[in-house]
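File shown: data_34.txt. Contents: compact mmCIF, C-alpha atoms and all ligand atoms.
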```
# COMPACT_ATOMS: atom_id res chain seq x y z
CA MET A 8 97.45 113.09 -55.16
CA LEU A 9 99.34 109.91 -54.51
CA ILE A 10 98.68 107.01 -56.85
CA LEU A 11 99.84 103.68 -55.46
CA PRO A 12 100.74 100.86 -57.85
CA PHE A 13 98.54 97.82 -57.55
CA ALA A 14 100.57 95.07 -55.97
CA LEU A 15 100.44 91.49 -57.25
CA LEU A 16 98.22 90.25 -54.48
CA ILE A 17 96.22 87.46 -56.07
CA SER A 18 96.09 84.45 -53.83
CA VAL A 19 94.65 81.02 -54.57
CA THR A 20 93.06 78.92 -51.80
CA TRP A 21 91.56 75.44 -51.81
CA SER A 22 91.55 74.58 -48.11
CA PHE A 23 87.79 74.03 -48.00
CA GLU A 24 85.53 71.03 -48.51
CA GLY A 25 85.93 69.72 -52.05
CA GLY A 26 88.73 72.18 -52.81
CA SER A 27 91.60 71.05 -55.01
CA ALA A 28 94.51 72.53 -56.94
CA GLY A 29 98.12 71.53 -57.56
CA ARG A 30 101.07 73.88 -58.03
CA VAL A 31 100.33 77.60 -58.21
CA GLU A 32 102.75 79.94 -59.97
CA PRO A 33 102.33 83.68 -60.49
CA VAL A 34 102.88 84.63 -64.13
CA GLY A 35 102.41 88.40 -63.94
CA GLU A 36 99.97 90.93 -62.61
CA GLY A 37 96.50 89.41 -62.62
CA HIS A 38 97.81 86.21 -64.21
CA VAL A 39 98.40 82.91 -62.46
CA ARG A 40 99.21 79.38 -63.58
CA ILE A 41 97.43 76.63 -61.64
CA GLY A 42 98.06 72.90 -61.98
CA ALA A 43 95.36 70.30 -61.59
CA GLN A 44 96.32 68.04 -58.71
CA GLY A 45 94.95 64.90 -60.38
CA GLN A 46 94.62 61.48 -58.77
CA LYS A 47 96.07 58.06 -59.49
CA ASP A 48 94.72 54.64 -58.56
CA GLN A 49 96.06 52.04 -56.13
CA ASP A 50 98.77 51.04 -58.64
CA GLY A 51 99.82 54.58 -59.53
CA ARG A 52 97.99 54.33 -62.87
CA ASN A 53 94.95 55.88 -64.55
CA ARG A 54 95.78 59.44 -63.47
CA GLN A 55 92.71 61.59 -63.92
CA ALA A 56 92.99 65.37 -63.56
CA ASN A 57 89.50 66.68 -64.11
CA TRP A 58 88.71 68.11 -60.73
CA TYR A 59 89.80 71.49 -59.52
CA SER A 60 87.98 73.81 -57.18
CA PHE A 61 89.63 76.90 -55.72
CA ARG A 62 89.04 80.46 -54.61
CA VAL A 63 90.86 83.50 -55.90
CA ASP A 64 91.30 86.47 -53.57
CA GLY A 65 92.85 89.83 -54.20
CA ALA A 66 91.45 90.41 -57.68
CA ARG A 67 90.92 94.00 -58.83
CA PRO A 68 87.18 94.61 -59.25
CA GLY A 69 86.32 95.04 -62.91
CA GLN A 70 89.77 93.93 -64.08
CA PRO A 71 90.33 90.55 -65.75
CA VAL A 72 92.20 87.77 -64.04
CA THR A 73 93.91 85.26 -66.32
CA ILE A 74 94.23 81.68 -65.11
CA ASP A 75 96.22 79.04 -67.00
CA LEU A 76 95.07 75.56 -65.99
CA VAL A 77 97.83 73.00 -66.57
CA ASP A 78 98.97 69.49 -65.56
CA LEU A 79 95.96 68.03 -67.37
CA PRO A 80 97.12 64.80 -69.15
CA GLY A 81 96.18 61.44 -67.70
CA GLU A 82 95.10 57.86 -68.41
CA TYR A 83 91.72 56.14 -68.61
CA ASN A 84 91.42 52.36 -68.42
CA TYR A 85 95.24 52.32 -68.87
CA GLN A 86 95.18 54.38 -72.11
CA PRO A 87 97.07 57.69 -71.98
CA ASN A 88 95.16 60.84 -72.91
CA ARG A 89 95.59 64.60 -73.14
CA GLY A 90 93.23 65.09 -70.25
CA ALA A 91 89.53 65.43 -69.75
CA VAL A 92 89.78 69.21 -69.41
CA ASN A 93 89.64 70.55 -72.97
CA ALA A 94 87.90 72.99 -75.28
CA GLU A 95 84.54 71.30 -74.67
CA THR A 96 84.73 71.70 -70.90
CA PRO A 97 85.49 75.22 -69.72
CA ALA A 98 85.41 75.92 -66.00
CA VAL A 99 82.49 77.31 -64.06
CA TRP A 100 82.91 80.31 -61.79
CA SER A 101 80.98 82.01 -59.04
CA GLU A 102 81.12 85.33 -57.25
CA ASP A 103 79.25 84.09 -54.17
CA GLY A 104 80.30 80.43 -53.99
CA ARG A 105 76.69 79.36 -54.62
CA SER A 106 75.52 80.31 -58.09
CA TRP A 107 77.68 79.09 -60.94
CA ARG A 108 78.00 79.87 -64.64
CA HIS A 109 80.49 78.85 -67.28
CA VAL A 110 83.56 80.92 -68.06
CA GLU A 111 82.78 82.28 -71.53
CA ASP A 112 86.19 83.83 -72.28
CA PHE A 113 88.60 80.92 -72.53
CA THR A 114 91.06 79.30 -74.91
CA TYR A 115 92.38 75.77 -75.00
CA ASP A 116 95.89 74.99 -76.20
CA ALA A 117 96.00 71.30 -77.09
CA GLY A 118 99.77 71.42 -77.46
CA GLU A 119 100.75 71.81 -73.82
CA PRO A 120 97.80 71.13 -73.04
CA LYS A 121 96.54 74.22 -71.23
CA MET A 122 93.22 75.94 -70.67
CA THR A 123 93.35 79.70 -70.23
CA LEU A 124 90.43 81.35 -68.46
CA ARG A 125 89.82 85.09 -68.38
CA ILE A 126 87.47 86.13 -65.60
CA THR A 127 86.45 89.67 -64.73
CA PRO A 128 84.95 89.74 -61.23
CA ARG A 129 82.94 92.61 -59.80
CA GLY A 130 84.58 92.09 -56.41
CA ARG A 131 87.93 90.98 -55.07
CA ARG A 132 87.01 87.31 -54.60
CA PHE A 133 85.63 84.55 -56.81
CA TRP A 134 85.52 80.78 -57.06
CA VAL A 135 86.46 78.50 -59.97
CA ALA A 136 85.68 74.78 -60.42
CA HIS A 137 85.43 72.15 -63.13
CA THR A 138 81.68 71.78 -62.52
CA PRO A 139 79.39 73.29 -59.85
CA PRO A 140 80.57 71.76 -56.57
CA TYR A 141 78.32 69.44 -54.56
CA THR A 142 79.85 68.33 -51.27
CA ASN A 143 78.85 66.48 -48.11
CA ARG A 144 77.74 69.87 -46.78
CA HIS A 145 75.27 70.25 -49.66
CA LEU A 146 73.93 66.76 -48.92
CA GLU A 147 73.45 67.61 -45.22
CA GLY A 148 71.56 70.70 -46.32
CA LEU A 149 69.28 68.56 -48.47
CA TRP A 150 68.75 66.15 -45.58
CA LYS A 151 67.25 68.95 -43.48
CA ASP A 152 64.40 69.04 -46.01
CA ALA A 153 64.37 65.35 -46.90
CA ARG A 154 63.97 64.03 -43.36
CA ARG A 155 60.28 64.87 -43.27
CA ALA A 156 59.64 62.06 -45.80
CA PHE A 157 62.83 59.96 -45.75
CA ARG A 158 64.57 57.95 -43.10
CA ARG A 159 68.29 57.42 -43.25
CA THR A 160 70.32 54.44 -42.12
CA GLU A 161 74.05 54.31 -41.64
CA ILE A 162 75.10 51.25 -43.66
CA GLY A 163 78.82 51.55 -42.93
CA ARG A 164 81.73 53.92 -42.73
CA SER A 165 84.19 55.16 -45.33
CA VAL A 166 87.95 54.61 -45.03
CA GLU A 167 88.21 57.89 -43.12
CA GLY A 168 85.22 57.03 -40.93
CA ARG A 169 82.53 59.13 -42.57
CA PRO A 170 79.03 57.63 -42.40
CA LEU A 171 77.70 55.97 -45.55
CA TRP A 172 73.99 56.70 -45.73
CA LEU A 173 71.04 54.91 -47.21
CA TRP A 174 68.01 57.18 -47.61
CA THR A 175 64.65 55.43 -47.88
CA THR A 176 61.15 56.68 -48.58
CA GLY A 177 57.91 55.26 -49.94
CA THR A 178 55.66 52.32 -49.23
CA GLY A 179 55.39 50.44 -52.53
CA ALA A 180 56.12 46.73 -52.88
CA LYS A 181 58.71 47.29 -55.61
CA THR A 182 61.99 48.98 -54.80
CA ILE A 183 63.80 51.48 -57.02
CA TRP A 184 67.46 52.25 -56.25
CA LEU A 185 69.51 55.30 -57.10
CA MET A 186 73.24 55.59 -56.47
CA PHE A 187 75.38 58.73 -56.67
CA ARG A 188 79.01 59.84 -56.50
CA GLN A 189 80.94 56.64 -56.98
CA HIS A 190 83.37 59.13 -58.51
CA SER A 191 83.96 62.25 -56.52
CA TRP A 192 84.43 64.73 -59.37
CA GLU A 193 81.00 63.97 -60.88
CA THR A 194 79.08 66.70 -59.11
CA GLY A 195 76.44 66.99 -61.83
CA SER A 196 75.10 63.59 -60.82
CA SER A 197 74.57 64.82 -57.25
CA TRP A 198 72.59 67.81 -58.48
CA VAL A 199 70.42 65.27 -60.35
CA GLY A 200 70.11 63.36 -57.07
CA GLU A 201 68.97 66.48 -55.28
CA GLY A 202 66.37 67.05 -58.01
CA ALA A 203 65.17 63.45 -57.62
CA VAL A 204 64.85 63.77 -53.84
CA ARG A 205 62.99 67.07 -54.13
CA GLU A 206 60.53 65.52 -56.61
CA LEU A 207 59.94 62.59 -54.25
CA LEU A 208 59.29 65.08 -51.44
CA ARG A 209 56.73 66.91 -53.59
CA ASN A 210 55.08 63.87 -55.13
CA ALA A 211 53.20 61.64 -52.69
CA ALA A 212 51.96 59.42 -55.54
CA LEU A 213 55.53 58.40 -56.38
CA ARG A 214 56.17 57.62 -52.72
CA SER A 215 53.11 55.45 -52.36
CA ALA A 216 53.75 53.58 -55.63
CA TYR A 217 57.30 52.42 -54.83
CA THR A 218 59.91 52.12 -52.15
CA TRP A 219 62.80 54.40 -53.07
CA LYS A 220 66.28 53.66 -51.78
CA ILE A 221 69.01 56.19 -52.40
CA LEU A 222 72.74 55.80 -51.83
CA PRO A 223 73.48 59.52 -52.09
CA MET A 224 77.23 59.67 -51.53
CA ALA A 225 79.33 56.61 -52.34
CA ASP A 226 82.70 58.33 -51.75
CA PRO A 227 82.28 60.96 -49.02
CA ASP A 228 86.06 61.00 -48.38
CA GLY A 229 86.84 61.81 -52.00
CA VAL A 230 84.17 64.49 -52.09
CA ALA A 231 85.51 66.01 -48.86
CA ARG A 232 89.10 66.24 -50.02
CA GLY A 233 88.37 67.31 -53.60
CA GLY A 234 89.30 63.92 -55.06
CA VAL A 235 88.77 62.91 -58.65
CA ARG A 236 87.90 59.26 -59.07
CA PHE A 237 89.38 56.97 -56.43
CA ASN A 238 88.71 56.34 -52.76
CA ARG A 239 91.20 57.07 -49.97
CA HIS A 240 93.24 53.97 -50.85
CA GLY A 241 93.14 54.61 -54.59
CA PHE A 242 90.36 52.15 -55.44
CA ASP A 243 87.81 52.99 -58.11
CA LEU A 244 84.43 52.46 -56.43
CA ASN A 245 82.84 51.62 -59.77
CA ARG A 246 85.35 48.90 -60.47
CA ASN A 247 86.35 46.28 -57.92
CA TRP A 248 82.79 45.02 -57.31
CA ASP A 249 84.23 41.51 -57.69
CA VAL A 250 87.10 42.14 -55.25
CA ASN A 251 86.87 41.31 -51.60
CA GLY A 252 88.79 44.19 -50.05
CA VAL A 253 86.86 45.26 -47.00
CA ALA A 254 89.67 47.30 -45.41
CA LYS A 255 90.62 49.05 -48.62
CA MET A 256 87.10 49.69 -49.93
CA PRO A 257 84.56 49.55 -47.13
CA GLU A 258 82.30 51.73 -49.28
CA ILE A 259 81.65 48.92 -51.80
CA THR A 260 81.18 46.36 -49.03
CA ALA A 261 78.60 48.51 -47.26
CA GLN A 262 76.65 49.27 -50.44
CA ARG A 263 76.60 45.65 -51.60
CA GLN A 264 75.40 44.45 -48.20
CA ALA A 265 72.66 47.08 -48.06
CA ILE A 266 71.40 46.22 -51.54
CA LEU A 267 71.44 42.47 -50.93
CA ALA A 268 69.83 42.86 -47.49
CA ALA A 269 66.92 44.64 -49.18
CA GLY A 270 66.62 41.82 -51.71
CA GLY A 271 67.83 43.90 -54.64
CA GLY A 272 65.27 45.89 -56.53
CA ALA A 273 63.00 46.25 -59.52
CA LEU A 274 65.28 48.86 -61.05
CA PHE A 275 68.72 50.15 -60.03
CA LEU A 276 70.52 53.14 -61.52
CA SER A 277 73.97 54.56 -60.79
CA LEU A 278 74.48 58.07 -62.14
CA HIS A 279 77.72 59.44 -63.53
CA ASN A 280 79.19 62.29 -65.53
CA THR A 281 81.57 62.36 -68.47
CA GLU A 282 82.95 65.19 -70.51
CA THR A 283 81.17 64.66 -73.84
CA ALA A 284 79.35 61.29 -73.79
CA GLU A 285 75.83 60.65 -72.59
CA TYR A 286 74.37 57.18 -72.49
CA LEU A 287 72.48 54.45 -70.68
CA GLU A 288 74.16 51.09 -70.13
CA GLY A 289 72.16 48.04 -69.14
CA PRO A 290 73.22 44.90 -67.31
CA PRO A 291 75.28 42.16 -69.00
CA VAL A 292 72.36 39.74 -69.29
CA THR A 293 70.39 38.36 -72.20
CA GLU A 294 67.07 37.57 -70.51
CA PRO A 295 64.39 38.94 -72.86
CA ALA A 296 62.43 40.52 -70.01
CA VAL A 297 65.46 42.53 -68.87
CA ARG A 298 66.30 43.56 -72.44
CA GLU A 299 62.71 44.64 -72.97
CA LEU A 300 62.70 46.68 -69.73
CA ALA A 301 65.99 48.30 -70.76
CA GLY A 302 64.54 49.25 -74.12
CA ARG A 303 61.45 50.80 -72.56
CA PHE A 304 63.55 52.66 -69.97
CA TYR A 305 65.82 54.08 -72.66
CA GLU A 306 62.96 55.12 -74.95
CA ALA A 307 61.09 56.78 -72.09
CA LEU A 308 64.19 58.72 -71.03
CA VAL A 309 64.71 59.96 -74.57
CA ALA A 310 61.04 60.85 -75.08
CA ARG A 311 60.14 62.37 -71.72
CA THR A 312 63.31 63.77 -70.16
CA SER A 313 66.25 65.94 -71.16
CA PHE A 314 68.48 62.86 -71.45
CA ALA A 315 70.20 63.33 -74.83
CA PRO A 316 72.19 60.19 -75.60
CA THR A 317 75.26 60.23 -77.81
CA ARG A 318 74.91 56.51 -78.52
CA PRO A 319 72.16 53.86 -78.58
CA LEU A 320 71.24 51.76 -75.55
CA SER A 321 74.12 49.44 -74.73
CA PHE A 322 74.68 46.53 -72.37
CA ALA A 323 77.74 45.99 -70.21
CA GLY A 324 80.23 43.57 -71.73
CA PRO A 325 82.63 41.14 -70.07
CA VAL A 326 85.41 42.66 -67.96
CA ALA A 327 88.75 41.51 -66.54
CA ALA A 328 89.04 40.45 -62.92
CA GLY A 329 89.00 43.40 -60.55
CA ARG A 330 87.20 45.61 -63.07
CA MET A 331 83.56 44.83 -62.31
CA THR A 332 81.31 47.87 -62.06
CA VAL A 333 78.31 48.04 -59.76
CA ILE A 334 76.06 46.78 -62.56
CA HIS A 335 78.31 43.79 -63.17
CA GLY A 336 78.46 43.12 -59.43
CA LEU A 337 74.71 43.33 -58.88
CA THR A 338 74.09 41.16 -61.94
CA ARG A 339 76.40 38.52 -60.51
CA GLU A 340 74.45 38.70 -57.24
CA ARG A 341 71.15 38.67 -59.19
CA ALA A 342 70.18 41.94 -57.49
CA TRP A 343 69.41 43.47 -60.87
CA PRO A 344 68.28 44.89 -63.30
CA ALA A 345 71.02 47.44 -62.73
CA PHE A 346 71.81 50.34 -65.06
CA LEU A 347 74.43 53.02 -65.36
CA MET A 348 73.83 56.46 -66.81
CA GLU A 349 76.48 58.88 -67.97
CA GLN A 350 75.61 62.51 -68.58
CA ARG A 351 77.91 64.97 -70.29
CA ILE A 352 79.10 68.25 -68.84
CA SER A 353 79.72 69.74 -72.30
CA ARG A 354 77.14 71.42 -74.54
CA GLN A 355 73.96 69.36 -74.62
CA PRO A 356 71.50 69.68 -77.53
CA LYS A 357 68.28 69.55 -75.50
CA TYR A 358 69.51 72.42 -73.33
CA GLY A 359 71.29 74.22 -76.16
CA ARG A 360 74.09 75.01 -73.71
CA ARG A 361 76.43 73.40 -71.22
CA PRO A 362 74.29 72.00 -68.39
CA LEU A 363 73.72 74.23 -65.38
CA VAL A 364 72.57 73.31 -61.87
CA GLU A 365 68.93 74.08 -62.73
CA ASP A 366 69.08 71.60 -65.65
CA ARG A 367 70.40 68.85 -63.37
CA LEU A 368 67.72 69.50 -60.75
CA ARG A 369 64.95 69.37 -63.34
CA PHE A 370 66.29 66.18 -64.85
CA GLY A 371 66.30 64.53 -61.40
CA GLY A 372 62.55 65.14 -61.16
CA GLU A 373 61.96 63.84 -64.67
CA LEU A 374 64.06 60.77 -63.94
CA VAL A 375 62.11 59.48 -60.95
CA LYS A 376 58.84 59.90 -62.83
CA VAL A 377 60.16 57.91 -65.81
CA MET A 378 61.58 55.17 -63.56
CA SER A 379 58.19 54.74 -61.95
CA GLU A 380 56.40 54.73 -65.31
CA VAL A 381 58.54 52.02 -66.87
CA LEU A 382 57.78 49.63 -64.02
CA GLN A 383 54.01 50.03 -64.32
ZN ZN B 1 81.77 57.99 -62.91
```

Structure translated into structure tokens:
Amino acid sequence: MLILPFALLISVTWSFEGGSAGRVEPVGEGHVRIGAQGQKDQDGRNRQANWYSFRVDGARPGQPVTIDLVDLPGEYNYQPNRGAVNAETPAVWSEDGRSWRHVEDFTYDAGEPKMTLRITPRGRRFWVAHTPPYTNRHLEGLWKDARRAFRRTEIGRSVEGRPLWLWTTGTGAKTIWLMFRQHSWETGSSWVGEGAVRELLRNAALRSAYTWKILPMADPDGVARGGVRFNRHGFDLNRNWDVNGVAKMPEITAQRQAILAAGGGALFLSLHNTETAEYLEGPPVTEPAVRELAGRFYEALVARTSFAPTRPLSFAGPVAAGRMTVIHGLTRERAWPAFLMEQRISRQPKYGRRPLVEDRLRFGGELVKVMSEVLQ
């Protein structure tokens, strides 16, 4: 009987939509070191390295593969950090590229810093990502269902020429806006968006009570190439709402025009993800009616959804030129009240675990019901 040695045949691939990795170095049999590619802004600052999405082939079924994730440090709002990938945020993995769970066997070395994942696949192939991927392909899949109740309008094109869509449904006099994926790594927000759309498809009462306008994919280029935070030219699409840079950020221009053309709305919400913070931020205005609406919105989210804030309701403060978020920008245009929600990817007390796709989908349904209730 001839026993052949197992060759070191692990390969790492990210040449698919949303895929991203940096340098790949074999360490030993079944052990590979993979850098996060990271992304910097238009000035070469604010490097953020919290998106990776790759496939591993050539694993030995039933044998562990060790992956060291490195090249994690970065900057946020010009402050250096050790990176958003840390002990609170282990990777997710999948054996079919569709259903995702967290890697349970991992260690984080804050010194380098480095996250080491140990994954034992049943087959020869598996996928690894920071959070469960949601790409333009997922959105097209959702559209196949959504089109029976929504219409979609192309409001512009991204830097790379991808269509920027506005999805609309409902017949109510008041308009509620939802915006997703200003930052391409924040896939959890898109799963919430899918949950919101599916609830609106199910729930005719919500559609007759309001007009719903959804900007489902603010940075389709970034999502396609596995970007982190900035558009093709390095601009943060949730800053720069006070900058007139049509050529460099056609995404912001298209969204602003679409919102203003519709006369703003009764309630606007842009959804985001962070590593460990969860909160609702209201517009930078002091009108009592807006403050009162914000308070009711926040209390309803806490009471009737799985939103689990890590801080009280807050309102956006003043910002330097070129740093306006969408809620600052819409407030300036008086197309408010505009809100921003951050949801964590780390362990969340209402779930008792790190959020999974099913949690995001359910929250999306809860969210649209609460938004309609607070306007009644
Ligand atoms: Zn964001």

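Atom CA of Phe242 of chain A is positioned 15.7 Å from atom CA of Ala56 of chain A.
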
Proximity of chain A to ligand ZN 1 (chain B): per-residue shortest pair, 9 Å limit, only C-alpha atoms and all ligand atoms, as CSV:
```
residue,atom,partner,partner_atom,distance
A:Phe187,CA,B:ZN1,ZN,9.0
A:Arg188,CA,B:ZN1,ZN,7.2
A:Gln189,CA,B:ZN1,ZN,6.1
A:His190,CA,B:ZN1,ZN,4.8
A:Ser191,CA,B:ZN1,ZN,8.0
A:Trp192,CA,B:ZN1,ZN,8.1
A:Glu193,CA,B:ZN1,ZN,6.4
A:Ser196,CA,B:ZN1,ZN,9.0
A:Arg236,CA,B:ZN1,ZN,7.3
A:Leu244,CA,B:ZN1,ZN,8.9
A:Asn245,CA,B:ZN1,ZN,7.2
A:Ser277,CA,B:ZN1,ZN,8.8
A:Leu278,CA,B:ZN1,ZN,7.3
A:His279,CA,B:ZN1,ZN,4.3
A:Asn280,CA,B:ZN1,ZN,5.7
A:Thr281,CA,B:ZN1,ZN,7.1
A:Met348,CA,B:ZN1,ZN,9.0
A:Glu349,CA,B:ZN1,ZN,7.4
```

Would you output that residue set with C-alpha atoms, as a PDB file, in the coordinates of the input?
```
ATOM      1  CA  PHE A 187      75.380  58.730 -56.670  1.00  0.00           C
ATOM      2  CA  ARG A 188      79.010  59.840 -56.500  1.00  0.00           C
ATOM      3  CA  GLN A 189      80.940  56.640 -56.980  1.00  0.00           C
ATOM      4  CA  HIS A 190      83.370  59.130 -58.510  1.00  0.00           C
ATOM      5  CA  SER A 191      83.960  62.250 -56.520  1.00  0.00           C
ATOM      6  CA  TRP A 192      84.430  64.730 -59.370  1.00  0.00           C
ATOM      7  CA  GLU A 193      81.000  63.970 -60.880  1.00  0.00           C
ATOM      8  CA  SER A 196      75.100  63.590 -60.820  1.00  0.00           C
ATOM      9  CA  ARG A 236      87.900  59.260 -59.070  1.00  0.00           C
ATOM     10  CA  LEU A 244      84.430  52.460 -56.430  1.00  0.00           C
ATOM     11  CA  ASN A 245      82.840  51.620 -59.770  1.00  0.00           C
ATOM     12  CA  SER A 277      73.970  54.560 -60.790  1.00  0.00           C
ATOM     13  CA  LEU A 278      74.480  58.070 -62.140  1.00  0.00           C
ATOM     14  CA  HIS A 279      77.720  59.440 -63.530  1.00  0.00           C
ATOM     15  CA  ASN A 280      79.190  62.290 -65.530  1.00  0.00           C
ATOM     16  CA  THR A 281      81.570  62.360 -68.470  1.00  0.00           C
ATOM     17  CA  MET A 348      73.830  56.460 -66.810  1.00  0.00           C
ATOM     18  CA  GLU A 349      76.480  58.880 -67.970  1.00  0.00           C
TER      19      GLU A 349
END
```

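For the set A:Val235, A:Ile266, A:Leu185, A:Ile17, the residue with the smallest atom-to-atom gap to Lys47 of chain A is A:Val235, counting only C-alpha atoms.
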
> Any idea what's packed within 12 Å of Pro295 of chain A, counting all atoms listed in the file, ignoring anything in its chain fewer than 6 positions away? Could you give it as a ChimeraX atom specification?
Replying inline: /A:301-302,344

Residue selection dump (C-alpha atoms) as a PDB file, in the frame of the given file:
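The new file out.pdb reads:
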```pdb
ATOM      1  CA  ALA A 301      65.990  48.300 -70.760  1.00  0.00           C
ATOM      2  CA  GLY A 302      64.540  49.250 -74.120  1.00  0.00           C
ATOM      3  CA  PRO A 344      68.280  44.890 -63.300  1.00  0.00           C
TER       4      PRO A 344
END
```

> Using only C-alpha atoms, which residues sit within 10 Å of Gln262 of chain A once same-chain residues fewer than 2 positions away are excluded, as a VMD selection string?
Replying inline: chain A and resid 162 to 163 171 to 173 186 222 225 257 to 260 264 to 268 333

> Which neighbours of segment 140-143 of chain A fall inside 10 Å, counting all atoms listed in the file, when residues of the same chain fewer than 6 positions from it are skipped, and could you give them as a PyMOL selection string?
Replying inline: chain A and resi 24-26+58-60+99+104-105+107+149+169+188+191-198+201+223-224+226-233+364

> Out of A:Gly336, A:Gly148, A:Gly202, A:Pro319, which residue has the shortest atom-to-atom distance to Lys376 of chain A when counting all atoms listed in the file?
Replying inline: A:Gly202

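For the residues A:Pro97, A:Pro80, A:Gly371, A:Pro362, ranking by smallest atom-to-atom distance to Gly42 of chain A using only C-alpha atoms places A:Pro80 first.
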
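You will find atom CA of Pro291 of chain A at 4.7 Å from atom CA of Ala323 of chain A.
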
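For Gln70 of chain A, the non-local neighbours within 12 Å, defined as residues at least 2 positions apart in the same chain or in other chains and counting only C-alpha atoms, are Phe13, Glu36, Gly37, His38, Gly65, Ala66, Arg67, Pro68, Val72, Thr73, Arg125, Ile126, Thr127, Pro128, Arg129, Gly130, Arg131 and Arg132 of chain A.
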
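Put simply, atom CA of Ile352 of chain A is 6.5 Å away from atom CA of Thr283 of chain A.
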
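Among the candidates A:Glu373, A:Glu282, A:Arg144, A:Asp249, the residue lying nearest to Ala310 of chain A is A:Glu373 (atoms considered: only C-alpha atoms).
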
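Nearest to His335 of chain A of all the residues A:Ser165, A:Asn247, A:Thr312, A:Thr178 is A:Asn247, counting all atoms listed in the file.
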
> Between A:Val63, A:Leu16, A:Ile183, A:Ala284, which has the minimum distance to Ala28 of chain A (counting only C-alpha atoms)?
Replying inline: A:Val63

>> Which polymer residues, whether protein, DNA or RNA, lie within 9 Å of the coordinate (97.1, 61.9, -60.3) when you count all atoms listed in the file? List them as an MDAnalysis selection string, using the chain letters and numbers from the file.
In response: chainID A and resid 43:48 51:56 81 235

>> List as a PyMOL selection string the protein and nucleic acid residues near Leu124 of chain A, meaning an atom at most 12 Å away when all atoms listed in the file are counted, but skip any in the same chain fewer than 5 places from it.
In response: chain A and resi 37-41+71-77+93-94+96-100+109-116+135-137

Go ahead and write the residues just picked, C-alpha atoms, as a JSON list (two decimals), in the coordinates of the input.
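As written to disk, selection28.json reads:
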```json
[["chain", "number", "residue", "atom", "x", "y", "z"],
["A", 37, "GLY", "CA", 96.50, 89.41, -62.62],
["A", 38, "HIS", "CA", 97.81, 86.21, -64.21],
["A", 39, "VAL", "CA", 98.40, 82.91, -62.46],
["A", 40, "ARG", "CA", 99.21, 79.38, -63.58],
["A", 41, "ILE", "CA", 97.43, 76.63, -61.64],
["A", 71, "PRO", "CA", 90.33, 90.55, -65.75],
["A", 72, "VAL", "CA", 92.20, 87.77, -64.04],
["A", 73, "THR", "CA", 93.91, 85.26, -66.32],
["A", 74, "ILE", "CA", 94.23, 81.68, -65.11],
["A", 75, "ASP", "CA", 96.22, 79.04, -67.00],
["A", 76, "LEU", "CA", 95.07, 75.56, -65.99],
["A", 77, "VAL", "CA", 97.83, 73.00, -66.57],
["A", 93, "ASN", "CA", 89.64, 70.55, -72.97],
["A", 94, "ALA", "CA", 87.90, 72.99, -75.28],
["A", 96, "THR", "CA", 84.73, 71.70, -70.90],
["A", 97, "PRO", "CA", 85.49, 75.22, -69.72],
["A", 98, "ALA", "CA", 85.41, 75.92, -66.00],
["A", 99, "VAL", "CA", 82.49, 77.31, -64.06],
["A", 100, "TRP", "CA", 82.91, 80.31, -61.79],
["A", 109, "HIS", "CA", 80.49, 78.85, -67.28],
["A", 110, "VAL", "CA", 83.56, 80.92, -68.06],
["A", 111, "GLU", "CA", 82.78, 82.28, -71.53],
["A", 112, "ASP", "CA", 86.19, 83.83, -72.28],
["A", 113, "PHE", "CA", 88.60, 80.92, -72.53],
["A", 114, "THR", "CA", 91.06, 79.30, -74.91],
["A", 115, "TYR", "CA", 92.38, 75.77, -75.00],
["A", 116, "ASP", "CA", 95.89, 74.99, -76.20],
["A", 135, "VAL", "CA", 86.46, 78.50, -59.97],
["A", 136, "ALA", "CA", 85.68, 74.78, -60.42],
["A", 137, "HIS", "CA", 85.43, 72.15, -63.13]]
```

Once 5 Å is added on each side, what centre and edge lengths in Å to one decimal does the axis-aligned box around all listed atoms of segment 306-309 of chain A have, as AutoDock Vina command-line options?
```
--center_x 62.9 --center_y 57.5 --center_z -73.0 --size_x 13.6 --size_y 14.8 --size_z 13.9
```
